>>> print(open('start_2.txt').read())   # compact mmCIF, N, CA and C atoms
# COMPACT_ATOMS: atom_id res chain seq x y z
N MET A 52 24.11 5.39 -5.34
CA MET A 52 22.72 4.98 -5.28
C MET A 52 21.92 5.82 -6.27
N PRO A 53 21.12 5.17 -7.15
CA PRO A 53 20.36 5.95 -8.13
C PRO A 53 19.27 6.78 -7.46
N SER A 54 18.95 7.89 -8.10
CA SER A 54 17.90 8.74 -7.55
C SER A 54 16.54 8.11 -7.80
N ALA A 55 15.56 8.55 -7.06
CA ALA A 55 14.20 8.03 -7.22
C ALA A 55 13.68 8.34 -8.62
N ALA A 56 14.11 9.46 -9.18
CA ALA A 56 13.65 9.84 -10.52
C ALA A 56 14.16 8.87 -11.58
N ALA A 57 15.31 8.25 -11.34
CA ALA A 57 15.88 7.33 -12.32
C ALA A 57 15.25 5.94 -12.22
N SER A 58 14.56 5.65 -11.14
CA SER A 58 13.97 4.35 -10.93
C SER A 58 12.48 4.41 -11.25
N PRO A 59 11.99 3.51 -12.13
CA PRO A 59 10.57 3.55 -12.47
C PRO A 59 9.68 3.27 -11.25
N SER A 60 8.59 3.97 -11.18
CA SER A 60 7.65 3.80 -10.08
C SER A 60 6.79 2.57 -10.30
N ALA A 61 6.44 1.91 -9.21
CA ALA A 61 5.55 0.76 -9.28
C ALA A 61 4.25 1.18 -9.95
N GLY A 62 3.76 0.34 -10.82
CA GLY A 62 2.50 0.62 -11.50
C GLY A 62 2.66 1.31 -12.84
N THR A 63 3.90 1.67 -13.20
CA THR A 63 4.12 2.30 -14.50
C THR A 63 4.52 1.23 -15.52
N PRO A 64 4.28 1.50 -16.81
CA PRO A 64 4.70 0.54 -17.82
C PRO A 64 6.20 0.22 -17.74
N GLU A 65 7.00 1.22 -17.45
CA GLU A 65 8.45 1.01 -17.35
C GLU A 65 8.79 0.06 -16.20
N TRP A 66 8.06 0.17 -15.10
CA TRP A 66 8.26 -0.74 -13.97
C TRP A 66 7.87 -2.15 -14.37
N ALA A 67 6.74 -2.32 -15.06
CA ALA A 67 6.29 -3.65 -15.48
C ALA A 67 7.30 -4.30 -16.43
N ALA A 68 8.01 -3.49 -17.20
CA ALA A 68 8.98 -4.02 -18.16
C ALA A 68 10.11 -4.78 -17.48
N LYS A 69 10.38 -4.50 -16.20
CA LYS A 69 11.45 -5.20 -15.49
C LYS A 69 11.18 -6.70 -15.42
N PHE A 70 9.93 -7.11 -15.62
CA PHE A 70 9.55 -8.50 -15.47
C PHE A 70 9.30 -9.21 -16.80
N ILE A 71 9.65 -8.58 -17.91
CA ILE A 71 9.37 -9.14 -19.24
C ILE A 71 9.97 -10.54 -19.40
N GLY A 72 11.10 -10.80 -18.79
CA GLY A 72 11.74 -12.11 -18.93
C GLY A 72 10.98 -13.26 -18.28
N ASN A 73 10.05 -12.95 -17.39
CA ASN A 73 9.28 -13.97 -16.69
C ASN A 73 7.80 -13.72 -17.00
N THR A 74 7.21 -14.56 -17.81
CA THR A 74 5.84 -14.34 -18.29
C THR A 74 4.84 -14.16 -17.17
N ALA A 75 4.89 -15.02 -16.16
CA ALA A 75 3.92 -14.93 -15.06
C ALA A 75 4.10 -13.63 -14.26
N GLN A 76 5.34 -13.29 -13.95
CA GLN A 76 5.59 -12.06 -13.20
C GLN A 76 5.23 -10.83 -14.02
N HIS A 77 5.51 -10.89 -15.33
CA HIS A 77 5.20 -9.76 -16.20
C HIS A 77 3.68 -9.54 -16.26
N ARG A 78 2.93 -10.62 -16.36
CA ARG A 78 1.47 -10.50 -16.38
C ARG A 78 0.97 -9.90 -15.05
N GLU A 79 1.52 -10.38 -13.93
CA GLU A 79 1.12 -9.84 -12.63
C GLU A 79 1.50 -8.36 -12.51
N ALA A 80 2.68 -7.99 -12.98
CA ALA A 80 3.10 -6.58 -12.95
C ALA A 80 2.20 -5.74 -13.85
N SER A 81 1.81 -6.29 -14.98
CA SER A 81 0.91 -5.58 -15.89
C SER A 81 -0.48 -5.42 -15.27
N LYS A 82 -0.86 -6.41 -14.46
CA LYS A 82 -2.13 -6.31 -13.73
C LYS A 82 -2.07 -5.13 -12.75
N VAL A 83 -0.92 -4.93 -12.14
CA VAL A 83 -0.74 -3.79 -11.24
C VAL A 83 -0.89 -2.48 -12.02
N VAL A 84 -0.33 -2.42 -13.22
CA VAL A 84 -0.48 -1.23 -14.06
C VAL A 84 -1.97 -0.99 -14.33
N GLY A 85 -2.70 -2.06 -14.60
CA GLY A 85 -4.14 -1.95 -14.82
C GLY A 85 -4.88 -1.48 -13.58
N ARG A 86 -4.45 -1.94 -12.41
CA ARG A 86 -5.08 -1.51 -11.15
C ARG A 86 -4.85 -0.01 -10.92
N TYR A 87 -3.64 0.47 -11.25
CA TYR A 87 -3.38 1.90 -11.14
C TYR A 87 -4.27 2.68 -12.10
N ALA A 88 -4.48 2.14 -13.30
CA ALA A 88 -5.39 2.79 -14.25
C ALA A 88 -6.81 2.82 -13.69
N GLN A 89 -7.23 1.70 -13.07
CA GLN A 89 -8.56 1.63 -12.47
C GLN A 89 -8.68 2.66 -11.34
N LEU A 90 -7.65 2.78 -10.53
CA LEU A 90 -7.64 3.76 -9.45
C LEU A 90 -7.82 5.17 -10.01
N HIS A 91 -7.11 5.46 -11.09
CA HIS A 91 -7.23 6.78 -11.72
C HIS A 91 -8.67 7.01 -12.22
N ILE A 92 -9.26 5.98 -12.79
CA ILE A 92 -10.65 6.08 -13.27
C ILE A 92 -11.58 6.43 -12.11
N VAL A 93 -11.44 5.71 -11.02
CA VAL A 93 -12.31 5.93 -9.86
C VAL A 93 -12.07 7.32 -9.26
N GLN A 94 -10.81 7.73 -9.18
CA GLN A 94 -10.49 9.04 -8.60
C GLN A 94 -11.04 10.19 -9.45
N THR A 95 -11.23 9.95 -10.74
CA THR A 95 -11.75 11.00 -11.61
C THR A 95 -13.26 10.86 -11.82
N GLY A 96 -13.89 10.02 -11.01
CA GLY A 96 -15.34 9.93 -11.03
C GLY A 96 -15.93 8.85 -11.91
N GLY A 97 -15.08 8.02 -12.48
CA GLY A 97 -15.57 6.94 -13.33
C GLY A 97 -15.98 5.72 -12.53
N ARG A 98 -16.59 4.78 -13.22
CA ARG A 98 -17.05 3.56 -12.56
C ARG A 98 -15.96 2.49 -12.64
N GLN A 99 -15.70 1.86 -11.52
CA GLN A 99 -14.69 0.81 -11.42
C GLN A 99 -15.03 -0.34 -12.38
N GLY A 100 -14.06 -0.78 -13.15
CA GLY A 100 -14.23 -1.90 -14.06
C GLY A 100 -14.90 -1.54 -15.37
N ASP A 101 -15.15 -0.26 -15.63
CA ASP A 101 -15.81 0.17 -16.86
C ASP A 101 -14.90 -0.11 -18.07
N THR A 102 -15.39 -0.95 -18.96
CA THR A 102 -14.59 -1.39 -20.11
C THR A 102 -14.14 -0.21 -20.98
N ALA A 103 -15.06 0.70 -21.29
CA ALA A 103 -14.72 1.83 -22.15
C ALA A 103 -13.66 2.73 -21.50
N LEU A 104 -13.78 2.93 -20.20
CA LEU A 104 -12.80 3.76 -19.50
C LEU A 104 -11.44 3.08 -19.43
N CYS A 105 -11.45 1.75 -19.27
CA CYS A 105 -10.17 1.02 -19.29
C CYS A 105 -9.53 1.11 -20.66
N ASP A 106 -10.34 1.01 -21.71
CA ASP A 106 -9.82 1.16 -23.07
C ASP A 106 -9.21 2.55 -23.26
N ALA A 107 -9.87 3.55 -22.69
CA ALA A 107 -9.36 4.93 -22.80
C ALA A 107 -8.02 5.07 -22.06
N GLU A 108 -7.91 4.41 -20.90
CA GLU A 108 -6.64 4.45 -20.16
C GLU A 108 -5.54 3.76 -20.96
N TRP A 109 -5.86 2.63 -21.59
CA TRP A 109 -4.89 1.92 -22.42
C TRP A 109 -4.45 2.80 -23.59
N ALA A 110 -5.41 3.51 -24.18
CA ALA A 110 -5.12 4.38 -25.33
C ALA A 110 -4.19 5.53 -24.96
N LYS A 111 -4.16 5.91 -23.68
CA LYS A 111 -3.27 6.98 -23.23
C LYS A 111 -1.81 6.56 -23.25
N LEU A 112 -1.56 5.25 -23.21
CA LEU A 112 -0.17 4.78 -23.24
C LEU A 112 0.41 5.01 -24.63
N THR A 113 1.68 5.38 -24.67
CA THR A 113 2.35 5.54 -25.96
C THR A 113 2.59 4.16 -26.56
N PRO A 114 2.84 4.10 -27.86
CA PRO A 114 3.15 2.79 -28.45
C PRO A 114 4.34 2.10 -27.76
N ALA A 115 5.33 2.87 -27.36
CA ALA A 115 6.49 2.28 -26.67
C ALA A 115 6.07 1.72 -25.32
N GLN A 116 5.20 2.42 -24.60
CA GLN A 116 4.74 1.93 -23.30
C GLN A 116 3.90 0.66 -23.46
N LYS A 117 3.11 0.60 -24.52
CA LYS A 117 2.27 -0.58 -24.75
C LYS A 117 3.12 -1.83 -24.94
N LEU A 118 4.33 -1.67 -25.47
CA LEU A 118 5.24 -2.81 -25.64
C LEU A 118 5.76 -3.33 -24.30
N LEU A 119 5.72 -2.49 -23.29
CA LEU A 119 6.25 -2.84 -21.97
C LEU A 119 5.23 -3.54 -21.07
N VAL A 120 3.97 -3.55 -21.49
CA VAL A 120 2.87 -4.06 -20.66
C VAL A 120 2.18 -5.21 -21.37
N ASP A 121 1.86 -6.25 -20.61
CA ASP A 121 1.07 -7.36 -21.14
C ASP A 121 -0.39 -6.88 -21.21
N PRO A 122 -0.98 -6.79 -22.41
CA PRO A 122 -2.33 -6.24 -22.52
C PRO A 122 -3.38 -7.03 -21.75
N GLU A 123 -3.25 -8.34 -21.72
CA GLU A 123 -4.22 -9.16 -20.99
C GLU A 123 -4.11 -8.92 -19.49
N GLY A 124 -2.88 -8.78 -19.00
CA GLY A 124 -2.69 -8.48 -17.59
C GLY A 124 -3.26 -7.11 -17.25
N PHE A 125 -3.02 -6.13 -18.12
CA PHE A 125 -3.56 -4.79 -17.91
C PHE A 125 -5.08 -4.85 -17.83
N ASP A 126 -5.69 -5.54 -18.80
CA ASP A 126 -7.15 -5.65 -18.81
C ASP A 126 -7.66 -6.33 -17.55
N GLU A 127 -6.99 -7.38 -17.14
CA GLU A 127 -7.41 -8.09 -15.94
C GLU A 127 -7.36 -7.18 -14.72
N GLY A 128 -6.34 -6.35 -14.64
CA GLY A 128 -6.22 -5.43 -13.51
C GLY A 128 -7.20 -4.28 -13.57
N CYS A 129 -7.49 -3.78 -14.76
CA CYS A 129 -8.34 -2.61 -14.89
C CYS A 129 -9.82 -2.96 -14.95
N ARG A 130 -10.17 -3.99 -15.70
CA ARG A 130 -11.59 -4.28 -15.96
C ARG A 130 -12.27 -5.05 -14.84
N VAL A 131 -11.50 -5.77 -14.05
CA VAL A 131 -12.09 -6.58 -12.99
C VAL A 131 -12.13 -5.75 -11.71
N PRO A 132 -13.31 -5.51 -11.17
CA PRO A 132 -13.38 -4.74 -9.93
C PRO A 132 -12.55 -5.39 -8.81
N ALA A 133 -11.88 -4.53 -8.04
CA ALA A 133 -11.01 -5.03 -6.97
C ALA A 133 -11.80 -5.73 -5.89
>>> encode(input="start_2.txt", output="structure tokens")
Amino acid sequence: MPSAAASPSAGTPEWAAKFIGNTAQHREASKVVGRYAQLHIVQTGGRQGDTALCDAEWAKLTPAQKLLVDPEGFDEGCRVPA
């Protein structure tokens, strides 16, 4: 059985990549990544759905991570208040 460290955590770009073969699921998984980014924004005192803060969260992803996430799904999850 693989260790927890070897398995990507829900909400990470690597986790979202598991769904790349299915466009709808990949977008939904990317939305979850965006929701986690939104949660981080709120936890650090930012305003939920703030476009500039969501852009900053996206910018924190490495180029390789950005390839694993659907940008529109990420935006939908981060920019739209829950």
>>> residues_near_point(input="start_2.txt", point="(7.4, -7.5, -24.4)", cutoff="6.5 Å", atoms="only N, CA and C atoms", output="PyMOL selection string")
chain A and resi 71+118-120
>>> atom_distance(input="start_2.txt", atom1="atom N of Ser81 in chain A", atom2="atom C of Trp66 in chain A")
7.4 Å
>>> residues_around(input="start_2.txt", residues="Ala75 in chain A", least_positions_apart="5", cutoff="12 Å", atoms="only C-alpha atoms", output="list in words")
Ala67, Phe70, Ala80, Ser81, Lys82, Asp121, Glu123 and Gly124 of chain A
>>> residues_around(input="start_2.txt", residues="Gly62 in chain A", least_positions_apart="6", cutoff="7 Å", atoms="only N, CA and C atoms", output="list in words")
Ala80, Val83, Val84, Gly85 and Tyr87 of chain A
>>> axis_aligned_box(input="start_2.txt", around="range 65-76 of chain A", padding_each_side="8 Å", output="lines of an AutoDock Vina configuration file")
center_x = 7.8
center_y = -6.9
center_z = -16.3
size_x = 23.8
size_y = 32.2
size_z = 22.2
>>> closest_residue(input="start_2.txt", among="A:Leu104, A:Leu90, A:Lys111, A:His77", to="Glu65 in chain A", atoms="only C-alpha atoms")
A:His77
>>> select_by_dssp(input="start_2.txt", residues="chain A", states="helix (DSSP H, G or I)", output="VMD selection string")
chain A and resid 55 to 57 64 to 70 74 to 94 102 to 111 114 to 119 122 to 130
>>> residues_around(input="start_2.txt", residues="range 96-101 of chain A", least_positions_apart="3", cutoff="10 Å", atoms="only C-alpha atoms", output="VMD selection string")
chain A and resid 86 88 to 93 104 to 107 126 to 133
>>> write_last_selection(input="start_2.txt", atoms="N, CA and C atoms", output="PDB file, in the frame of the given file")
ATOM      1  N   ARG A  86      -4.450  -1.940 -12.410  1.00  0.00           N
ATOM      2  CA  ARG A  86      -5.080  -1.510 -11.150  1.00  0.00           C
ATOM      3  C   ARG A  86      -4.850  -0.010 -10.920  1.00  0.00           C
ATOM      4  N   ALA A  88      -4.480   2.140 -13.300  1.00  0.00           N
ATOM      5  CA  ALA A  88      -5.390   2.790 -14.250  1.00  0.00           C
ATOM      6  C   ALA A  88      -6.810   2.820 -13.690  1.00  0.00           C
ATOM      7  N   GLN A  89      -7.230   1.700 -13.070  1.00  0.00           N
ATOM      8  CA  GLN A  89      -8.560   1.630 -12.470  1.00  0.00           C
ATOM      9  C   GLN A  89      -8.680   2.660 -11.340  1.00  0.00           C
ATOM     10  N   LEU A  90      -7.650   2.780 -10.530  1.00  0.00           N
ATOM     11  CA  LEU A  90      -7.640   3.760  -9.450  1.00  0.00           C
ATOM     12  C   LEU A  90      -7.820   5.170 -10.010  1.00  0.00           C
ATOM     13  N   HIS A  91      -7.110   5.460 -11.090  1.00  0.00           N
ATOM     14  CA  HIS A  91      -7.230   6.780 -11.720  1.00  0.00           C
ATOM     15  C   HIS A  91      -8.670   7.010 -12.220  1.00  0.00           C
ATOM     16  N   ILE A  92      -9.260   5.980 -12.790  1.00  0.00           N
ATOM     17  CA  ILE A  92     -10.650   6.080 -13.270  1.00  0.00           C
ATOM     18  C   ILE A  92     -11.580   6.430 -12.110  1.00  0.00           C
ATOM     19  N   VAL A  93     -11.440   5.710 -11.020  1.00  0.00           N
ATOM     20  CA  VAL A  93     -12.310   5.930  -9.860  1.00  0.00           C
ATOM     21  C   VAL A  93     -12.070   7.320  -9.260  1.00  0.00           C
ATOM     22  N   LEU A 104     -13.780   2.930 -20.200  1.00  0.00           N
ATOM     23  CA  LEU A 104     -12.800   3.760 -19.500  1.00  0.00           C
ATOM     24  C   LEU A 104     -11.440   3.080 -19.430  1.00  0.00           C
ATOM     25  N   CYS A 105     -11.450   1.750 -19.270  1.00  0.00           N
ATOM     26  CA  CYS A 105     -10.170   1.020 -19.290  1.00  0.00           C
ATOM     27  C   CYS A 105      -9.530   1.110 -20.660  1.00  0.00           C
ATOM     28  N   ASP A 106     -10.340   1.010 -21.710  1.00  0.00           N
ATOM     29  CA  ASP A 106      -9.820   1.160 -23.070  1.00  0.00           C
ATOM     30  C   ASP A 106      -9.210   2.550 -23.260  1.00  0.00           C
ATOM     31  N   ALA A 107      -9.870   3.550 -22.690  1.00  0.00           N
ATOM     32  CA  ALA A 107      -9.360   4.930 -22.800  1.00  0.00           C
ATOM     33  C   ALA A 107      -8.020   5.070 -22.060  1.00  0.00           C
ATOM     34  N   ASP A 126      -5.690  -5.540 -18.800  1.00  0.00           N
ATOM     35  CA  ASP A 126      -7.150  -5.650 -18.810  1.00  0.00           C
ATOM     36  C   ASP A 126      -7.660  -6.330 -17.550  1.00  0.00           C
ATOM     37  N   GLU A 127      -6.990  -7.380 -17.140  1.00  0.00           N
ATOM     38  CA  GLU A 127      -7.410  -8.090 -15.940  1.00  0.00           C
ATOM     39  C   GLU A 127      -7.360  -7.180 -14.720  1.00  0.00           C
ATOM     40  N   GLY A 128      -6.340  -6.350 -14.640  1.00  0.00           N
ATOM     41  CA  GLY A 128      -6.220  -5.430 -13.510  1.00  0.00           C
ATOM     42  C   GLY A 128      -7.200  -4.280 -13.570  1.00  0.00           C
ATOM     43  N   CYS A 129      -7.490  -3.780 -14.760  1.00  0.00           N
ATOM     44  CA  CYS A 129      -8.340  -2.610 -14.890  1.00  0.00           C
ATOM     45  C   CYS A 129      -9.820  -2.960 -14.950  1.00  0.00           C
ATOM     46  N   ARG A 130     -10.170  -3.990 -15.700  1.00  0.00           N
ATOM     47  CA  ARG A 130     -11.590  -4.280 -15.960  1.00  0.00           C
ATOM     48  C   ARG A 130     -12.270  -5.050 -14.840  1.00  0.00           C
ATOM     49  N   VAL A 131     -11.500  -5.770 -14.050  1.00  0.00           N
ATOM     50  CA  VAL A 131     -12.090  -6.580 -12.990  1.00  0.00           C
ATOM     51  C   VAL A 131     -12.130  -5.750 -11.710  1.00  0.00           C
ATOM     52  N   PRO A 132     -13.310  -5.510 -11.170  1.00  0.00           N
ATOM     53  CA  PRO A 132     -13.380  -4.740  -9.930  1.00  0.00           C
ATOM     54  C   PRO A 132     -12.550  -5.390  -8.810  1.00  0.00           C
ATOM     55  N   ALA A 133     -11.880  -4.530  -8.040  1.00  0.00           N
ATOM     56  CA  ALA A 133     -11.010  -5.030  -6.970  1.00  0.00           C
ATOM     57  C   ALA A 133     -11.800  -5.730  -5.890  1.00  0.00           C
TER      58      ALA A 133
END
>>> residues_around(input="start_2.txt", residues="Gln116 in chain A", least_positions_apart="5", cutoff="9 Å", atoms="only C-alpha atoms", output="VMD selection string")
chain A and resid 63 to 65 68
>>> write_last_selection(input="start_2.txt", atoms="N, CA and C atoms", output="PDB file, keeping the file's coordinate frame")
ATOM      1  N   THR A  63       3.900   1.670 -13.200  1.00  0.00           N
ATOM      2  CA  THR A  63       4.120   2.300 -14.500  1.00  0.00           C
ATOM      3  C   THR A  63       4.520   1.230 -15.520  1.00  0.00           C
ATOM      4  N   PRO A  64       4.280   1.500 -16.810  1.00  0.00           N
ATOM      5  CA  PRO A  64       4.700   0.540 -17.820  1.00  0.00           C
ATOM      6  C   PRO A  64       6.200   0.220 -17.740  1.00  0.00           C
ATOM      7  N   GLU A  65       7.000   1.220 -17.450  1.00  0.00           N
ATOM      8  CA  GLU A  65       8.450   1.010 -17.350  1.00  0.00           C
ATOM      9  C   GLU A  65       8.790   0.060 -16.200  1.00  0.00           C
ATOM     10  N   ALA A  68       8.010  -3.490 -17.200  1.00  0.00           N
ATOM     11  CA  ALA A  68       8.980  -4.020 -18.160  1.00  0.00           C
ATOM     12  C   ALA A  68      10.110  -4.780 -17.480  1.00  0.00           C
TER      13      ALA A  68
END
>>> atom_distance(input="start_2.txt", atom1="CA of Pro59 in chain A", atom2="CA of Leu112 in chain A")
15.3 Å
>>> atom_distance(input="start_2.txt", atom1="CA of Glu79 in chain A", atom2="CA of Trp109 in chain A")
16.4 Å
>>> build_atoms(input="start_2.txt", residues="range 78-97 of chain A", atoms="N, CA, C and O atoms", output="mmCIF file, keeping the file's coordinate frame")
data_model
loop_
_atom_site.group_PDB
_atom_site.id
_atom_site.type_symbol
_atom_site.label_atom_id
_atom_site.label_comp_id
_atom_site.auth_asym_id
_atom_site.auth_seq_id
_atom_site.Cartn_x
_atom_site.Cartn_y
_atom_site.Cartn_z
ATOM 1 N N ARG A 78 2.930 -10.620 -16.360
ATOM 2 C CA ARG A 78 1.470 -10.500 -16.380
ATOM 3 C C ARG A 78 0.970 -9.900 -15.050
ATOM 4 O O ARG A 78 0.094 -9.046 -15.042
ATOM 5 N N GLU A 79 1.520 -10.380 -13.930
ATOM 6 C CA GLU A 79 1.120 -9.840 -12.630
ATOM 7 C C GLU A 79 1.500 -8.360 -12.510
ATOM 8 O O GLU A 79 0.715 -7.556 -11.996
ATOM 9 N N ALA A 80 2.680 -7.990 -12.980
ATOM 10 C CA ALA A 80 3.100 -6.580 -12.950
ATOM 11 C C ALA A 80 2.200 -5.740 -13.850
ATOM 12 O O ALA A 80 1.826 -4.622 -13.490
ATOM 13 N N SER A 81 1.810 -6.290 -14.980
ATOM 14 C CA SER A 81 0.910 -5.580 -15.890
ATOM 15 C C SER A 81 -0.480 -5.420 -15.270
ATOM 16 O O SER A 81 -1.167 -4.426 -15.492
ATOM 17 N N LYS A 82 -0.860 -6.410 -14.460
ATOM 18 C CA LYS A 82 -2.130 -6.310 -13.730
ATOM 19 C C LYS A 82 -2.070 -5.130 -12.750
ATOM 20 O O LYS A 82 -3.063 -4.417 -12.579
ATOM 21 N N VAL A 83 -0.920 -4.930 -12.140
ATOM 22 C CA VAL A 83 -0.740 -3.790 -11.240
ATOM 23 C C VAL A 83 -0.890 -2.480 -12.020
ATOM 24 O O VAL A 83 -1.541 -1.538 -11.550
ATOM 25 N N VAL A 84 -0.330 -2.420 -13.220
ATOM 26 C CA VAL A 84 -0.480 -1.230 -14.060
ATOM 27 C C VAL A 84 -1.970 -0.990 -14.330
ATOM 28 O O VAL A 84 -2.455 0.140 -14.260
ATOM 29 N N GLY A 85 -2.700 -2.060 -14.600
ATOM 30 C CA GLY A 85 -4.140 -1.950 -14.820
ATOM 31 C C GLY A 85 -4.880 -1.480 -13.580
ATOM 32 O O GLY A 85 -5.822 -0.684 -13.665
ATOM 33 N N ARG A 86 -4.450 -1.940 -12.410
ATOM 34 C CA ARG A 86 -5.080 -1.510 -11.150
ATOM 35 C C ARG A 86 -4.850 -0.010 -10.920
ATOM 36 O O ARG A 86 -5.739 0.695 -10.447
ATOM 37 N N TYR A 87 -3.640 0.470 -11.250
ATOM 38 C CA TYR A 87 -3.380 1.900 -11.140
ATOM 39 C C TYR A 87 -4.270 2.680 -12.100
ATOM 40 O O TYR A 87 -4.771 3.747 -11.763
ATOM 41 N N ALA A 88 -4.480 2.140 -13.300
ATOM 42 C CA ALA A 88 -5.390 2.790 -14.250
ATOM 43 C C ALA A 88 -6.810 2.820 -13.690
ATOM 44 O O ALA A 88 -7.508 3.828 -13.786
ATOM 45 N N GLN A 89 -7.230 1.700 -13.070
ATOM 46 C CA GLN A 89 -8.560 1.630 -12.470
ATOM 47 C C GLN A 89 -8.680 2.660 -11.340
ATOM 48 O O GLN A 89 -9.720 3.333 -11.212
ATOM 49 N N LEU A 90 -7.650 2.780 -10.530
ATOM 50 C CA LEU A 90 -7.640 3.760 -9.450
ATOM 51 C C LEU A 90 -7.820 5.170 -10.010
ATOM 52 O O LEU A 90 -8.601 5.970 -9.486
ATOM 53 N N HIS A 91 -7.110 5.460 -11.090
ATOM 54 C CA HIS A 91 -7.230 6.780 -11.720
ATOM 55 C C HIS A 91 -8.670 7.010 -12.220
ATOM 56 O O HIS A 91 -9.223 8.097 -12.055
ATOM 57 N N ILE A 92 -9.260 5.980 -12.790
ATOM 58 C CA ILE A 92 -10.650 6.080 -13.270
ATOM 59 C C ILE A 92 -11.580 6.430 -12.110
ATOM 60 O O ILE A 92 -12.406 7.339 -12.212
ATOM 61 N N VAL A 93 -11.440 5.710 -11.020
ATOM 62 C CA VAL A 93 -12.310 5.930 -9.860
ATOM 63 C C VAL A 93 -12.070 7.320 -9.260
ATOM 64 O O VAL A 93 -13.018 8.026 -8.903
ATOM 65 N N GLN A 94 -10.810 7.730 -9.180
ATOM 66 C CA GLN A 94 -10.490 9.040 -8.600
ATOM 67 C C GLN A 94 -11.040 10.190 -9.450
ATOM 68 O O GLN A 94 -11.285 11.268 -8.924
ATOM 69 N N THR A 95 -11.230 9.950 -10.740
ATOM 70 C CA THR A 95 -11.750 11.000 -11.610
ATOM 71 C C THR A 95 -13.260 10.860 -11.820
ATOM 72 O O THR A 95 -13.823 11.484 -12.714
ATOM 73 N N GLY A 96 -13.890 10.020 -11.010
ATOM 74 C CA GLY A 96 -15.340 9.930 -11.030
ATOM 75 C C GLY A 96 -15.930 8.850 -11.910
ATOM 76 O O GLY A 96 -17.142 8.762 -12.071
ATOM 77 N N GLY A 97 -15.080 8.020 -12.480
ATOM 78 C CA GLY A 97 -15.570 6.940 -13.330
ATOM 79 C C GLY A 97 -15.980 5.720 -12.530
ATOM 80 O O GLY A 97 -15.735 5.635 -11.320
#
